[in-house]
Amino acid sequence: MKFIQLKKYLAEGGVSPVYLVVGEDAYFRKKSEEYIKKRFVTEPQLNAAVFEGETVLAAPETFFAAAYAYPFMSEKRMVTIREFYPKADAFGKVFQKYFDDPAAETVLVIDNAKPCDVLKKAANTEIVECEKGDDGLLIRWIVAECAKNGVTVGRAEAEKIAEYSLRDMTKISGEVEKLVAFAGRGGSVSDKDVEDLVVKDTEYQIYELTECVGRKNVSGALAVLADMSAKGEAPQRLLVSLYNYFRRLLHISLSALSDGELAKALGVKEYAVKKSRALAGSFRKKDLKRAADILAESDYAAKSGRIDFDTALKNAVFEILL
């Protein structure tokens with residue numbers, strides 16, 4: 001099921017001995033844990049245990065001791081394992097017996113950022129998908145969260161909050177909390193408030209900088225660079241980030257793979273590939289190759305001591321803009 005279906009599922013009496021909460025959005029995973037705990041656990045201080053996946057793999061007896069313990073003054077105990085990725089052989093030898101016959105008094109929650117085929121196929125497991133929400137869902141959430149606190153926000157402003165946060169719900173939640181506090185009950189969030197108060201994700205600003213370069217917008221590119229520098233971004237990091245972004249654009253422009261396949265191959269989120277694909281269309285392939293080469297040469301020049309990183313970064317951007 002999708003994350004947005006979980007609350008209703010639990011309210012309607014849905015019960016599973018094991019929940020695999022999986023996906024790249026940490027906020028949705030955290031909320032899923034909270035919903036499950038609220039539904040089944042009355043005294044969380046007495047009936048909740050949390051383990052790291054590596055600990056469970058190294059010492060499975062610690063997990064079994066917690067999983068088979070009886071709850072105290074609660075319907076169930078809740079055992080959470082974070083980032084648990086057992087191999088097929090280890091799962092079959094050590095853990096499968098639990099999944100085949102889980103403890104009736106325990107609800108097991110596995111919180112994983114990445115998929116695990118072994119767990120996906122495990123018996124008695126309900127999968128809760130916590131991928132990043134689409135634009136419609138995020139905008140509705142932002143508008144509803146503001147309204148809950150007596151603050152109004154327009155769709156355009158909500159969309160901009162989501163965009164600047166790269167659709168990451170943890171960041172969106174923090175930015176909305178900040179805007180609500182600034183507006184105050186009965187107030188509203190304006191476009192200026194969003195521009196002044198919402199901190200743009202670094203990757204979004206790299207996208208913004210690259211877009212300015214693609215449009216030959218010199219003043220816009222310099223403004224983005226100045227803003228990132230003012231926020232403490234090191235020139236060396238910006239130079240490397242910009243090189244990686246142009247290299248990604250080049251790979252995307254040359255590849256016939258799907259967004260999902262490219263995301264896995266490049267080690268980035270699928271949404272980042274979608275954004276990059278749209279931007280790659282504004283460049284010629286040879287210009288992307290030229291930009292990546294310029295940035296690589298500038299990085300080498302700075303690392304070899306021929307020039308400082310701040311000058312290397314600015315010179316590279318100007319050369320690409322020519």
# chains A, B, ... in the order shown; residues from 1 in each chain; ligands from 1
>>> residues_around(residues="A:Asp117", least_positions_apart="3", cutoff="12 Å", atoms="only C-alpha atoms", output="list in words")
Leu20, Val22, Phe84, Tyr85, Pro86, Lys87, Ala88, Phe91, Asn112, Lys114, Lys120, Lys121, Ala122 and Ile127 of chain A
>>> residues_around(residues="A:Ile320", least_positions_apart="5", cutoff="12 Å", atoms="only C-alpha atoms", output="mmCIF file with C-alpha atoms, in the first residue's frame")
data_model
loop_
_atom_site.group_PDB
_atom_site.id
_atom_site.type_symbol
_atom_site.label_atom_id
_atom_site.label_comp_id
_atom_site.auth_asym_id
_atom_site.auth_seq_id
_atom_site.Cartn_x
_atom_site.Cartn_y
_atom_site.Cartn_z
ATOM 1 C CA LEU A 209 22.572 27.707 -11.728
ATOM 2 C CA THR A 210 22.753 25.235 -14.609
ATOM 3 C CA CYS A 212 20.889 30.092 -15.964
ATOM 4 C CA VAL A 213 23.980 28.829 -17.781
ATOM 5 C CA GLY A 214 21.797 27.104 -20.380
ATOM 6 C CA ARG A 215 19.935 30.342 -21.007
ATOM 7 C CA LYS A 216 23.180 32.368 -21.078
ATOM 8 C CA ASN A 217 21.833 34.360 -18.133
ATOM 9 C CA VAL A 218 25.057 35.766 -16.716
ATOM 10 C CA ALA A 221 24.152 32.623 -12.676
ATOM 11 C CA LEU A 242 28.447 21.600 -10.835
ATOM 12 C CA TYR A 243 30.768 19.190 -12.663
ATOM 13 C CA PHE A 246 26.760 18.599 -16.064
ATOM 14 C CA PHE A 283 21.671 22.056 -24.188
ATOM 15 C CA LYS A 286 28.558 18.799 -27.410
ATOM 16 C CA ASP A 287 27.942 21.798 -25.119
ATOM 17 C CA LEU A 288 27.314 19.485 -22.171
ATOM 18 C CA LYS A 289 30.562 17.645 -22.933
ATOM 19 C CA ARG A 290 32.421 20.960 -23.226
ATOM 20 C CA ALA A 291 31.012 22.208 -19.902
ATOM 21 C CA ALA A 292 31.971 18.984 -18.091
ATOM 22 C CA ASP A 293 35.499 19.188 -19.544
ATOM 23 C CA ILE A 294 35.901 22.847 -18.504
ATOM 24 C CA LEU A 295 34.800 22.082 -14.941
ATOM 25 C CA SER A 298 39.252 23.884 -13.481
ATOM 26 C CA LEU A 313 34.718 28.200 -10.098
ATOM 27 C CA LYS A 314 33.946 31.675 -11.422
ATOM 28 C CA ASN A 315 36.280 31.320 -14.409
#
>>> residues_around(residues="A:Val15", least_positions_apart="6", cutoff="10 Å", atoms="only C-alpha atoms", output="mmCIF file with N, CA, C and O atoms, in the first residue's frame")
data_model
loop_
_atom_site.group_PDB
_atom_site.id
_atom_site.type_symbol
_atom_site.label_atom_id
_atom_site.label_comp_id
_atom_site.auth_asym_id
_atom_site.auth_seq_id
_atom_site.Cartn_x
_atom_site.Cartn_y
_atom_site.Cartn_z
ATOM 1 N N TYR A 9 -6.117 2.385 6.534
ATOM 2 C CA TYR A 9 -5.993 0.936 6.698
ATOM 3 C C TYR A 9 -6.005 0.549 8.183
ATOM 4 O O TYR A 9 -6.715 -0.367 8.609
ATOM 5 N N ILE A 36 1.644 3.355 13.227
ATOM 6 C CA ILE A 36 1.580 1.960 13.686
ATOM 7 C C ILE A 36 1.731 1.891 15.204
ATOM 8 O O ILE A 36 0.995 1.169 15.885
ATOM 9 N N ARG A 39 -1.412 3.004 16.929
ATOM 10 C CA ARG A 39 -2.510 2.035 16.795
ATOM 11 C C ARG A 39 -2.357 0.848 17.746
ATOM 12 O O ARG A 39 -3.336 0.371 18.329
ATOM 13 N N PHE A 40 -1.149 0.376 17.973
ATOM 14 C CA PHE A 40 -0.977 -0.884 18.697
ATOM 15 C C PHE A 40 -0.334 -0.779 20.072
ATOM 16 O O PHE A 40 -0.513 -1.670 20.906
ATOM 17 N N VAL A 107 4.384 -6.474 16.968
ATOM 18 C CA VAL A 107 4.312 -5.933 15.608
ATOM 19 C C VAL A 107 5.734 -5.512 15.238
ATOM 20 O O VAL A 107 6.381 -4.745 15.954
ATOM 21 N N GLU A 126 3.345 -6.745 5.357
ATOM 22 C CA GLU A 126 2.605 -5.684 4.661
ATOM 23 C C GLU A 126 3.603 -4.609 4.269
ATOM 24 O O GLU A 126 4.326 -4.069 5.119
#
>>> select_by_dssp(residues="stretch 138-224 of chain A", states="helix (DSSP H, G or I)", output="MDAnalysis selection string")
chainID A and resid 138:148 155:164 169:183 191:197 202:214 218:224
>>> residues_around(residues="A:Ala144", least_positions_apart="3", cutoff="12 Å", atoms="only C-alpha atoms", output="JSON list (two decimals) with N, CA, C and O atoms, in the first residue's frame")
[["chain", "number", "residue", "atom", "x", "y", "z"],
["A", 137, "LEU", "N", 0.03, 15.82, -4.18],
["A", 137, "LEU", "CA", -0.02, 15.41, -2.78],
["A", 137, "LEU", "C", 0.73, 16.41, -1.90],
["A", 137, "LEU", "O", 0.23, 16.82, -0.84],
["A", 138, "LEU", "N", 1.92, 16.82, -2.32],
["A", 138, "LEU", "CA", 2.72, 17.74, -1.51],
["A", 138, "LEU", "C", 2.05, 19.10, -1.37],
["A", 138, "LEU", "O", 2.04, 19.69, -0.29],
["A", 139, "ILE", "N", 1.48, 19.58, -2.46],
["A", 139, "ILE", "CA", 0.79, 20.88, -2.41],
["A", 139, "ILE", "C", -0.40, 20.81, -1.47],
["A", 139, "ILE", "O", -0.62, 21.71, -0.65],
["A", 140, "ARG", "N", -1.18, 19.72, -1.57],
["A", 140, "ARG", "CA", -2.34, 19.56, -0.68],
["A", 140, "ARG", "C", -1.90, 19.50, 0.77],
["A", 140, "ARG", "O", -2.54, 20.07, 1.66],
["A", 141, "TRP", "N", -0.80, 18.80, 1.03],
["A", 141, "TRP", "CA", -0.30, 18.69, 2.41],
["A", 141, "TRP", "C", 0.11, 20.05, 2.94],
["A", 141, "TRP", "O", -0.21, 20.40, 4.08],
["A", 147, "ALA", "N", -3.38, 25.52, 6.94],
["A", 147, "ALA", "CA", -4.75, 25.77, 7.37],
["A", 147, "ALA", "C", -4.99, 25.28, 8.79],
["A", 147, "ALA", "O", -5.69, 25.92, 9.58],
["A", 148, "LYS", "N", -4.38, 24.15, 9.13],
["A", 148, "LYS", "CA", -4.52, 23.59, 10.48],
["A", 148, "LYS", "C", -4.00, 24.55, 11.53],
["A", 148, "LYS", "O", -4.46, 24.56, 12.67],
["A", 149, "ASN", "N", -3.06, 25.38, 11.13],
["A", 149, "ASN", "CA", -2.47, 26.35, 12.05],
["A", 149, "ASN", "C", -3.01, 27.77, 11.84],
["A", 149, "ASN", "O", -2.41, 28.75, 12.30],
["A", 150, "GLY", "N", -4.13, 27.86, 11.09],
["A", 150, "GLY", "CA", -4.77, 29.15, 10.89],
["A", 150, "GLY", "C", -4.06, 30.07, 9.92],
["A", 150, "GLY", "O", -4.19, 31.29, 9.98],
["A", 151, "VAL", "N", -3.27, 29.48, 9.00],
["A", 151, "VAL", "CA", -2.51, 30.27, 8.03],
["A", 151, "VAL", "C", -2.93, 29.87, 6.62],
["A", 151, "VAL", "O", -3.12, 28.68, 6.33],
["A", 152, "THR", "N", -3.08, 30.83, 5.74],
["A", 152, "THR", "CA", -3.43, 30.53, 4.36],
["A", 152, "THR", "C", -2.20, 30.61, 3.46],
["A", 152, "THR", "O", -1.30, 31.43, 3.68],
["A", 153, "VAL", "N", -2.17, 29.75, 2.45],
["A", 153, "VAL", "CA", -1.08, 29.75, 1.48],
["A", 153, "VAL", "C", -1.66, 29.37, 0.12],
["A", 153, "VAL", "O", -2.51, 28.47, 0.02],
["A", 154, "GLY", "N", -1.26, 30.08, -0.92],
["A", 154, "GLY", "CA", -1.75, 29.80, -2.26],
["A", 154, "GLY", "C", -1.08, 28.58, -2.87],
["A", 154, "GLY", "O", 0.00, 28.16, -2.44],
["A", 155, "ARG", "N", -1.71, 28.04, -3.90],
["A", 155, "ARG", "CA", -1.16, 26.86, -4.57],
["A", 155, "ARG", "C", 0.22, 27.15, -5.17],
["A", 155, "ARG", "O", 1.12, 26.32, -5.08],
["A", 158, "ALA", "N", 2.75, 27.16, -2.42],
["A", 158, "ALA", "CA", 2.95, 25.79, -1.93],
["A", 158, "ALA", "C", 3.81, 24.98, -2.91],
["A", 158, "ALA", "O", 4.70, 24.22, -2.51],
["A", 173, "SER", "N", 8.38, 19.89, 5.69],
["A", 173, "SER", "CA", 7.76, 20.04, 7.00],
["A", 173, "SER", "C", 8.43, 21.14, 7.81],
["A", 173, "SER", "O", 7.77, 21.97, 8.44],
["A", 176, "VAL", "N", 7.62, 24.61, 6.25],
["A", 176, "VAL", "CA", 6.23, 25.01, 6.53],
["A", 176, "VAL", "C", 6.09, 25.45, 7.98],
["A", 176, "VAL", "O", 5.42, 26.46, 8.27],
["A", 180, "VAL", "N", 4.76, 29.11, 8.98],
["A", 180, "VAL", "CA", 3.57, 29.24, 9.85],
["A", 180, "VAL", "C", 3.89, 30.12, 11.05],
["A", 180, "VAL", "O", 3.11, 31.00, 11.44]]
>>> residues_around(residues="A:Leu266", least_positions_apart="2", cutoff="12 Å", atoms="only C-alpha atoms", output="MDAnalysis selection string")
chainID A and resid 244:245 247:252 255 257:264 268:270 272:273 276
>>> atom_distance(atom1="atom CA of A:Pro235", atom2="atom CA of A:Asp191")
29.3 Å
>>> atom_distance(atom1="atom CA of A:Pro115", atom2="atom CA of A:Ile81")
14.2 Å
>>> select_by_dssp(residues="stretch 42-202 of chain A", states="strand (DSSP E or B)", output="list in words")
Ala48, Ala49, Val50, Phe51, Glu52, Arg77, Met78, Val79, Thr80, Ile81, Arg82, Thr106, Val107, Leu108, Val109, Ile110, Asp111, Asn112, Thr125, Glu126, Ile127, Val128, Glu129, Thr152, Val153, Ser188 and Val189 of chain A
>>> residues_around(residues="A:Ala103", least_positions_apart="5", cutoff="8 Å", atoms="only C-alpha atoms", output="list in words")
Pro17, Ala67, Tyr68 and Tyr98 of chain A
>>> closest_residue(among="A:Leu197, A:Ala296, A:Cys130, A:Ala181", to="A:Leu6", atoms="only C-alpha atoms")
A:Cys130
>>> decode(residues="stretch 256-269 of chain A", atoms="N, CA and C atoms", output="CSV table (one decimal), in the first residue's frame")
chain,number,residue,atom,x,y,z
A,256,ALA,N,19.4,5.8,-23.4
A,256,ALA,CA,18.0,5.4,-23.8
A,256,ALA,C,17.3,4.8,-22.6
A,257,LEU,N,18.0,4.7,-21.4
A,257,LEU,CA,17.4,4.1,-20.3
A,257,LEU,C,16.2,4.9,-19.7
A,258,SER,N,15.3,4.3,-19.0
A,258,SER,CA,14.2,5.0,-18.3
A,258,SER,C,14.7,5.8,-17.1
A,259,ASP,N,13.9,6.7,-16.6
A,259,ASP,CA,14.3,7.5,-15.5
A,259,ASP,C,14.7,6.7,-14.3
A,260,GLY,N,13.9,5.6,-14.0
A,260,GLY,CA,14.2,4.7,-12.9
A,260,GLY,C,15.5,4.0,-13.1
A,261,GLU,N,15.8,3.5,-14.3
A,261,GLU,CA,17.0,2.8,-14.6
A,261,GLU,C,18.2,3.7,-14.5
A,262,LEU,N,18.0,5.0,-15.0
A,262,LEU,CA,19.1,5.9,-14.9
A,262,LEU,C,19.4,6.3,-13.4
A,263,ALA,N,18.3,6.5,-12.7
A,263,ALA,CA,18.5,6.9,-11.2
A,263,ALA,C,19.3,5.8,-10.5
A,264,LYS,N,19.0,4.6,-10.8
A,264,LYS,CA,19.8,3.5,-10.1
A,264,LYS,C,21.2,3.5,-10.6
A,265,ALA,N,21.4,3.7,-11.9
A,265,ALA,CA,22.8,3.7,-12.5
A,265,ALA,C,23.6,4.8,-12.0
A,266,LEU,N,23.0,6.0,-11.9
A,266,LEU,CA,23.7,7.2,-11.4
A,266,LEU,C,23.8,7.4,-9.9
A,267,GLY,N,23.0,6.6,-9.2
A,267,GLY,CA,23.0,6.7,-7.8
A,267,GLY,C,22.3,7.9,-7.2
A,268,VAL,N,21.3,8.4,-8.0
A,268,VAL,CA,20.5,9.6,-7.5
A,268,VAL,C,19.1,9.2,-7.5
A,269,LYS,N,18.2,10.1,-7.0
A,269,LYS,CA,16.8,9.9,-6.9
A,269,LYS,C,16.1,10.1,-8.2
